[in-house]
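Beneath this line is the structure, given in structure tokens, with notes to follow.
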Amino acid sequence: MLAVLLVGCMGGSPQPTSSPEPPSPTPITEELRAEQSLVESTWTGIDSAGDTTSFTFEADHTVTVNYNGRQWDDASDTWSLSDGVLTVTVHIDETHGDIVYRAPYDEGAASLAFDGTASMSGRTLNVTLERR
């Protein structure tokens, strides 16, 4: 009887196995392409207070800031791009807090026209930066 059971188990044809589908690549959207175009780019200009300002956009979404030849590379200084608006947050000091700059951005833009507002003092700054 054992022989009959074994023959019955072995008699069927093997079932084909399917390979799992590879994951689909993440589609590259217009906004992602625009964001990638900012990484490692530096933009420079003079703000409405007369200060020479530059931003370098890092891959980790921090921004290196240069005011009048002094450079800051603070992890709390960040940038993001959402719905075509580039937002840069820069910590100034305990009086002014952070200045949040916003500018429209399209991939390939040659300049950025930022409006900035200090979170604590309400001070406003405008700056147009050109890609270097």
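Naming works like this for the structure tokens: A, B, ... for the chains as they're shown, residue 1 at the start of each chain, ligands 1 onward in shown order.
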Q: Please provide the set of residues having any atom within 9 Å of A:Thr42, restricted to only C-alpha atoms, with same-chain residues fewer than 2 positions apart removed, written as a PyMOL selection string.
A: chain A and resi 38-40+44+54-57+64+130-132
Q: Find the residues near stretch 97-103 of chain A: any atom within 8 Å, counting only C-alpha atoms, skip ones fewer than 4 places away on the same chain, and give them as a count of residues only.
A: 19
Q | stretch 20-77 of chain A: residues DSSP assigns to alpha helix (DSSP H), reported as a PyMOL selection string | A | chain A and resi 30-38
Q) For A:Thr124, which residue out of A:Ala49, A:Asn68, A:Trp43, A:Ala34 is the nearest one, using only C-alpha atoms? A)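 Answer, going by the shortest atom-to-atom distance: A:Ala49.
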Q) Which residue, A:Pro27, A:Gly45, A:Pro20, A:Pro104, has the smallest gap to A:Ser80 when you use only C-alpha atoms? A) A:Pro104
(Q) Let me make sure I understand: among A:Pro23, A:Glu107, A:Asp51, A:Thr95, which one has the smallest atom-to-atom distance to A:Gly122 if we use only C-alpha atoms? (A)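 Of the candidates, the smallest distance to A:Gly122 is held by A:Thr95.
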Q) Quick one: distance from atom CA of A:Thr128 to atom CA of A:Asp60 in Å, one decimal? A)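 Distance between the two atoms: 23.5 Å.
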Q. In Å, with one decimal, what is the gap from atom CA of A:Arg123 to atom CA of A:Trp72?
A.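 So the two atoms, atom CA of A:Arg123 and atom CA of A:Trp72, lie 20.4 Å apart.
Considering only C-alpha atoms, the residue among A:Ser48, A:Thr62, A:Ser82, A:Thr53 positioned nearest to A:Asp106 is A:Ser82.
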(Q) Among chain A, which ones does DSSP assign to strand (DSSP E) (computed from the backbone)? Answer as number ranges by chain. (A) A: 42-46, 52-57, 63-67, 70-72, 78-82, 85-93, 97-104, 111-118, 124-131
